[in-house]
Amino acid sequence: MPQASLRRGLIAATSVTALAFTGVLFAQPAMADVTNGGFETGTLSGWTTTGTTAVVNSGAHTGTYVARVGGTTPTNGNSSIAQTFTAPGGSPSLSFWYDVFCPDTVTYDWATATLKDNTTGTTTTPLAKTCTNNQGWKQKTAALTSGHSYTLTLLSKDDNYPGDPTYTLYDDVVVSGTVANDFSIADNPASATVNAGSAATSTISTAVVSGTAETVNLSASGLPSGASAAFSPTSVTAGGSSTLTVSTAASTPSGTYPITVTGTSPSATHSTTFNLTVNGTGPSLTRISTDPFTNSTSQHATELEPDTFAYGNTIVASSQVGRFNDGGASDIGWNTSTDGGTTWQHGMLPGITIYQGGSWARVSDPAVAYDAKHGTWMVTGLVIDANVNGAGVTVSRSADGLTWQNPVMAVGNDGQGYDKEWIVCDNTPSSAFYGNCYIEVDLTSSGNTVIMSASTDGGATWSAPVSPSGSPNGLGGQPLVQPNGTVVVPYSTNGSSIRAFNSANGGSSWSSTSLVANVSSANVSGGLRSGEGLPSAEIDAAGKIYVAWQDCRFRSGCPSNDIVYSTSTNGTTWSAVTRVPIDAVTSGADHFIPGIGIDKATSGTTAKIGLYYYFYPNANCTTSTCQLEVGYISSTNGGTSWSTPQTVAGPMSLSQIANSTQGSMVGDYISTSVVNGNAVATFAVGKTPTNGQTLDEGLYTAGALPVTGGSARAQQGPVHAVQPPTPNPGRIPLHTAR
């Protein structure tokens, strides 16, 4: 074949190669400035290469190294190096040096350089095709547009003809210009829902994008009527963050408001949007009881760790009152509503502690049950002796929830250590064990061995405790009774998993345990005592059991917790863990201490569920900055989908709630009761004290909130790695929680 024909064929072939390569190049991500433009790394790092390329240490324009594009022996087609960069501010320009070794003619071999403006899609050619030989180093320059993305391609083409290899040396690729000072701004979380009169917080973060860090002044606009915004601090140095607090008034109209958060520095202005949803007037909080004690050994005024139980329209709630820092309280308070949670009466249980005519130094861990067969309300308490040892379980009884007898000792007072008791009664008339009541508690003196006791006479007397098969260890069990009389007891294996056991013979014996789920939970910021995986359990009318807890498995990297749950119809096989869709898994919020309740008149796909919980709008907080709030969400279809969440209380600071040796405290648990389609809960809320006391942490309710349900679908994935909770340094193990 004649040489000209051969060369024409090679040109056609290399044209295809060049076009294909161009498509790959322009897909590369943009980089800030040129990387390794002098090749002094001794490599082609930062550059995309095709064909024959190398870095050599002879013939450099400056320095030691230079890029050689093409080979010293004939090669076939295009060889190139390319890089994508962003032009800086000022009057930016590009320059590079080249030295061509081309013994042929520009018809067949050449060097060239192209510069594509990726922002506009236009391409220029700073170095037109050239074929010279031994002419020495020459420079090319090109003007750039500030902020545009460019791709520079430095190319050498050889037609592979024997005896005339072509290659080009490239060196000192430089982009010059003035780097502008700039920053970015973001909010986390980017949205929040509050009731009128409440407040929401978000962390406003800034970062240096280019240049040096400048002072960024923060402001907010687009606030609804009656709302105000405050930043702490009001300005930051780029790279720092501030807490935005948006406070609404009781008169703030309902709706969703896009609030523009603007950061202004001497060189730039940027903004982000915080979407605030106001629920209108929302539920109003009612304080249902007050700490009456004044003993100097415990903290006043404090009420915390409530449980509730409902039968008919009567709801009885109990709580610790007058919390001691190292465990227990001055007494247990009772709070009773006979109209479904609209109005309340309250008082203190008599005869337990020395502060109410009893003999025990303290009492803790209240739980409530009702025995329909014997017409008896019961409140259990973990009595604590003068050495701060959990000595046993008492049961206080009442026929109407308003007048209470002195307690009976149900379990303990035998020199052993006890913790975290719970109580339930069988209220199904058709059950063979109708009228049986059951207490679960653990023996801290025996490694948290779980034991059970039963009563058949309205809680007046109790059986000798027995352990489930295998003598499992754990705490926080919450027994539930199915309509057929089977008792199922979900409990925590000291924070690492949830397991369950059961009895089908009225508590005479108990089965071995089955796994509900392993627990993977994030440490709650600020040192808040959060229960660390204790379950909240409820049952529907057909006997389907729901067990809820806090868990981080749905959040990549386990930065914070969701409320999750698992269900079972037999207490031995359990559903996949399901996430309650309170917010996005990327929200930055943390949710914990759930209290789940189910309307006992509903079941299956029409089960009405109410769920109260505590949360931080911003999980990344400290003891001094954490803002604690109470939320509520509901489902009308057994948890398939959920309502829009409501914020019902807060924010409160951790300094406004009781201290304990395990951290600031609102309780290791809360509870929800659903009556006639309305969810009722009591919960601890801290406020600024006005009466000279150190604290004003009281027991509040938002009233009977309707179970409305909604369209937010529950989720079972994607799930990230599930692992046991990370130990929290300095936190006392759960088995000494009290």
# chains A, B, ... in the order shown; residues from 1 in each chain; ligands from 1
call {"tool": "residues_around", "arguments": {"residues": "Glu538 in chain A", "least_positions_apart": "3", "cutoff": "6 Å", "atoms": "only C-alpha atoms", "output": "list in words"}}
result
Ile545, Tyr546 and Gly597 of chain A
call {"tool": "select_by_dssp", "arguments": {"residues": "range 292-470 of chain A", "states": "strand (DSSP E or B)", "output": "JSON, numbers by chain"}}
result
{"A": [302, 303, 304, 305, 306, 307, 308, 309, 310, 311, 314, 315, 316, 317, 318, 319, 320, 321, 322, 323, 329, 330, 331, 332, 333, 334, 335, 336, 337, 345, 346, 347, 348, 353, 360, 362, 363, 364, 365, 366, 367, 368, 369, 370, 371, 376, 377, 378, 379, 380, 381, 382, 383, 384, 390, 391, 392, 393, 394, 395, 396, 397, 398, 408, 409, 410, 411, 412, 418, 419, 420, 421, 422, 423, 424, 425, 437, 438, 439, 440, 441, 442, 443, 449, 450, 451, 452, 453, 454, 455, 466]}
call {"tool": "closest_residue", "arguments": {"among": "A:Thr690, A:Thr122, A:Asn505, A:Asn494", "to": "Gly531 in chain A", "atoms": "only C-alpha atoms"}}
result
A:Asn494
call {"tool": "closest_residue", "arguments": {"among": "A:Lys544, A:Lys420, A:Arg529, A:Arg499", "to": "Met665 in chain A", "atoms": "only C-alpha atoms"}}
result
A:Arg529
call {"tool": "atom_distance", "arguments": {"atom1": "CA of Ser566 in chain A", "atom2": "CA of Ala517 in chain A"}}
result
7.8 Å
call {"tool": "select_by_dssp", "arguments": {"residues": "range 425-537 of chain A", "states": "helix (DSSP H, G or I)", "output": "PDB file with all heavy atoms, in the first residue's frame"}}
result
ATOM      1  N   THR A 444     -30.618  -8.039  90.752  1.00  0.00           N
ATOM      2  CA  THR A 444     -29.299  -7.449  90.482  1.00  0.00           C
ATOM      3  C   THR A 444     -28.204  -8.176  91.250  1.00  0.00           C
ATOM      4  O   THR A 444     -27.040  -8.169  90.844  1.00  0.00           O
ATOM      5  CB  THR A 444     -29.294  -5.969  90.871  1.00  0.00           C
ATOM      6  OG1 THR A 444     -29.625  -5.835  92.256  1.00  0.00           O
ATOM      7  CG2 THR A 444     -30.300  -5.190  90.043  1.00  0.00           C
ATOM      8  N   SER A 445     -28.567  -8.808  92.364  1.00  0.00           N
ATOM      9  CA  SER A 445     -27.581  -9.542  93.152  1.00  0.00           C
ATOM     10  C   SER A 445     -27.221 -10.880  92.524  1.00  0.00           C
ATOM     11  O   SER A 445     -26.304 -11.563  92.993  1.00  0.00           O
ATOM     12  CB  SER A 445     -28.113  -9.754  94.573  1.00  0.00           C
ATOM     13  OG  SER A 445     -29.379 -10.391  94.548  1.00  0.00           O
ATOM     14  N   SER A 446     -27.928 -11.257  91.455  1.00  0.00           N
ATOM     15  CA  SER A 446     -27.638 -12.516  90.746  1.00  0.00           C
ATOM     16  C   SER A 446     -27.462 -12.260  89.261  1.00  0.00           C
ATOM     17  O   SER A 446     -27.981 -13.005  88.410  1.00  0.00           O
ATOM     18  CB  SER A 446     -28.766 -13.531  90.987  1.00  0.00           C
ATOM     19  OG  SER A 446     -28.877 -13.850  92.361  1.00  0.00           O
ATOM     20  N   SER A 525     -26.857  12.286  73.127  1.00  0.00           N
ATOM     21  CA  SER A 525     -25.946  13.372  73.480  1.00  0.00           C
ATOM     22  C   SER A 525     -26.318  14.029  74.809  1.00  0.00           C
ATOM     23  O   SER A 525     -27.443  13.907  75.296  1.00  0.00           O
ATOM     24  CB  SER A 525     -25.941  14.433  72.379  1.00  0.00           C
ATOM     25  OG  SER A 525     -25.428  13.916  71.180  1.00  0.00           O
ATOM     26  N   GLY A 526     -25.354  14.749  75.341  1.00  0.00           N
ATOM     27  CA  GLY A 526     -25.591  15.543  76.534  1.00  0.00           C
ATOM     28  C   GLY A 526     -25.600  14.762  77.824  1.00  0.00           C
ATOM     29  O   GLY A 526     -25.891  15.316  78.886  1.00  0.00           O
ATOM     30  N   GLY A 527     -25.313  13.447  77.750  1.00  0.00           N
ATOM     31  CA  GLY A 527     -25.344  12.641  78.962  1.00  0.00           C
ATOM     32  C   GLY A 527     -26.740  12.366  79.473  1.00  0.00           C
ATOM     33  O   GLY A 527     -26.915  12.011  80.640  1.00  0.00           O
TER      34      GLY A 527
END
call {"tool": "residues_around", "arguments": {"residues": "Leu695 in chain A", "least_positions_apart": "4", "cutoff": "9 Å", "atoms": "only C-alpha atoms", "output": "list in words"}}
result
Gln299, His300, Ala301, Thr302, Ser655, Gln656, Ile657, Ala658, Gly686, Lys687, Thr688, Pro689 and Thr690 of chain A
call {"tool": "write_last_selection", "arguments": {"atoms": "N, CA, C and O atoms", "output": "CSV table (one decimal), in the first residue's frame"}}
result
chain,number,residue,atom,x,y,z
A,299,GLN,N,-34.1,16.0,95.1
A,299,GLN,CA,-34.2,17.2,94.3
A,299,GLN,C,-35.7,17.6,94.1
A,299,GLN,O,-36.5,16.8,93.8
A,300,HIS,N,-35.9,18.9,94.3
A,300,HIS,CA,-37.3,19.4,94.2
A,300,HIS,C,-37.3,20.7,93.3
A,300,HIS,O,-36.3,21.4,93.3
A,301,ALA,N,-38.3,20.9,92.6
A,301,ALA,CA,-39.4,20.0,92.5
A,301,ALA,C,-39.2,19.1,91.3
A,301,ALA,O,-38.9,19.6,90.2
A,302,THR,N,-39.3,17.7,91.5
A,302,THR,CA,-39.1,16.8,90.3
A,302,THR,C,-40.2,15.7,90.3
A,302,THR,O,-40.5,15.1,91.4
A,655,SER,N,-30.5,21.3,82.0
A,655,SER,CA,-30.3,21.9,83.3
A,655,SER,C,-31.7,22.0,84.0
A,655,SER,O,-31.7,22.3,85.2
A,656,GLN,N,-32.8,21.8,83.3
A,656,GLN,CA,-34.1,22.0,83.8
A,656,GLN,C,-34.7,20.7,84.3
A,656,GLN,O,-35.9,20.7,84.8
A,657,ILE,N,-34.0,19.6,84.2
A,657,ILE,CA,-34.5,18.3,84.7
A,657,ILE,C,-33.6,17.7,85.7
A,657,ILE,O,-32.4,18.2,85.9
A,658,ALA,N,-34.1,16.7,86.4
A,658,ALA,CA,-33.3,16.1,87.5
A,658,ALA,C,-32.0,15.5,87.1
A,658,ALA,O,-31.8,15.0,86.0
A,686,GLY,N,-39.4,19.9,82.0
A,686,GLY,CA,-38.7,20.8,82.9
A,686,GLY,C,-39.0,22.2,82.4
A,686,GLY,O,-39.0,22.6,81.2
A,687,LYS,N,-39.2,23.1,83.4
A,687,LYS,CA,-39.4,24.5,83.1
A,687,LYS,C,-38.5,25.3,84.1
A,687,LYS,O,-37.9,24.8,85.0
A,688,THR,N,-38.4,26.6,83.8
A,688,THR,CA,-37.6,27.5,84.7
A,688,THR,C,-38.3,27.7,86.0
A,688,THR,O,-39.4,28.1,86.0
A,689,PRO,N,-37.7,27.3,87.1
A,689,PRO,CA,-38.4,27.5,88.4
A,689,PRO,C,-38.6,28.9,88.8
A,689,PRO,O,-37.8,29.8,88.5
A,690,THR,N,-39.7,29.2,89.4
A,690,THR,CA,-40.1,30.5,89.8
A,690,THR,C,-40.4,30.6,91.2
A,690,THR,O,-40.7,31.7,91.7
call {"tool": "closest_residue", "arguments": {"among": "A:Gly477, A:Pro429, A:Gly38, A:Pro645", "to": "Tyr65 in chain A", "atoms": "only C-alpha atoms"}}
result
A:Gly38
call {"tool": "closest_residue", "arguments": {"among": "A:Thr573, A:His720, A:Leu475, A:Leu705", "to": "Ser521 in chain A", "atoms": "only C-alpha atoms"}}
result
A:His720
call {"tool": "residues_around", "arguments": {"residues": "Thr256 in chain A", "least_positions_apart": "6", "cutoff": "9 Å", "atoms": "only C-alpha atoms", "output": "ChimeraX atom specification"}}
result
/A:193,224,275-279
call {"tool": "write_last_selection", "arguments": {"atoms": "C-alpha atoms", "output": "PDB file, in the first residue's frame"}}
result
ATOM      1  CA  THR A 193     -43.040  20.608  63.076  1.00  0.00           C
ATOM      2  CA  PRO A 224     -44.873  33.518  60.279  1.00  0.00           C
ATOM      3  CA  ASN A 275     -39.146  24.667  56.620  1.00  0.00           C
ATOM      4  CA  LEU A 276     -41.254  25.205  59.735  1.00  0.00           C
ATOM      5  CA  THR A 277     -44.669  23.556  60.004  1.00  0.00           C
ATOM      6  CA  VAL A 278     -46.982  24.989  62.663  1.00  0.00           C
ATOM      7  CA  ASN A 279     -49.831  22.743  63.760  1.00  0.00           C
TER       8      ASN A 279
END
call {"tool": "closest_residue", "arguments": {"among": "A:Val393, A:Ala196, A:Leu654, A:Ala60", "to": "Trp137 in chain A", "atoms": "only C-alpha atoms"}}
result
A:Ala60
call {"tool": "residues_around", "arguments": {"residues": "Gly638 in chain A", "least_positions_apart": "5", "cutoff": "7 Å", "atoms": "only C-alpha atoms", "output": "PyMOL selection string"}}
result
chain A and resi 604-609
call {"tool": "write_last_selection", "arguments": {"atoms": "all heavy atoms", "output": "JSON list (two decimals), in the first residue's frame"}}
result
[["chain", "number", "residue", "atom", "x", "y", "z"],
["A", 604, "GLY", "N", -55.30, -5.88, 64.49],
["A", 604, "GLY", "CA", -54.92, -6.19, 63.11],
["A", 604, "GLY", "C", -54.66, -4.95, 62.28],
["A", 604, "GLY", "O", -54.00, -4.01, 62.70],
["A", 605, "THR", "N", -55.25, -4.96, 61.06],
["A", 605, "THR", "CA", -55.00, -3.86, 60.12],
["A", 605, "THR", "C", -55.76, -2.59, 60.46],
["A", 605, "THR", "O", -55.60, -1.58, 59.79],
["A", 605, "THR", "CB", -55.38, -4.29, 58.69],
["A", 605, "THR", "OG1", -56.76, -4.69, 58.67],
["A", 605, "THR", "CG2", -54.50, -5.45, 58.23],
["A", 606, "THR", "N", -56.60, -2.65, 61.50],
["A", 606, "THR", "CA", -57.30, -1.43, 61.94],
["A", 606, "THR", "C", -56.90, -1.05, 63.37],
["A", 606, "THR", "O", -57.58, -0.24, 64.01],
["A", 606, "THR", "CB", -58.82, -1.62, 61.86],
["A", 606, "THR", "OG1", -59.21, -2.73, 62.67],
["A", 606, "THR", "CG2", -59.27, -1.85, 60.42],
["A", 607, "ALA", "N", -55.81, -1.63, 63.87],
["A", 607, "ALA", "CA", -55.35, -1.30, 65.21],
["A", 607, "ALA", "C", -54.94, 0.17, 65.28],
["A", 607, "ALA", "O", -54.21, 0.67, 64.42],
["A", 607, "ALA", "CB", -54.18, -2.19, 65.60],
["A", 608, "LYS", "N", -55.42, 0.85, 66.30],
["A", 608, "LYS", "CA", -55.10, 2.26, 66.49],
["A", 608, "LYS", "C", -53.95, 2.37, 67.50],
["A", 608, "LYS", "O", -54.07, 1.92, 68.64],
["A", 608, "LYS", "CB", -56.32, 3.03, 66.99],
["A", 608, "LYS", "CG", -57.44, 3.13, 65.95],
["A", 608, "LYS", "CD", -58.59, 3.99, 66.45],
["A", 608, "LYS", "CE", -59.66, 4.16, 65.37],
["A", 608, "LYS", "NZ", -60.78, 5.01, 65.82],
["A", 609, "ILE", "N", -52.87, 2.99, 67.04],
["A", 609, "ILE", "CA", -51.64, 3.07, 67.83],
["A", 609, "ILE", "C", -51.30, 4.53, 68.10],
["A", 609, "ILE", "O", -51.33, 5.36, 67.18],
["A", 609, "ILE", "CB", -50.46, 2.41, 67.09],
["A", 609, "ILE", "CG1", -50.80, 0.97, 66.70],
["A", 609, "ILE", "CG2", -49.20, 2.44, 67.95],
["A", 609, "ILE", "CD1", -49.76, 0.33, 65.82]]
call {"tool": "atom_distance", "arguments": {"atom1": "CA of Gln356 in chain A", "atom2": "CA of Gly476 in chain A"}}
result
26.7 Å
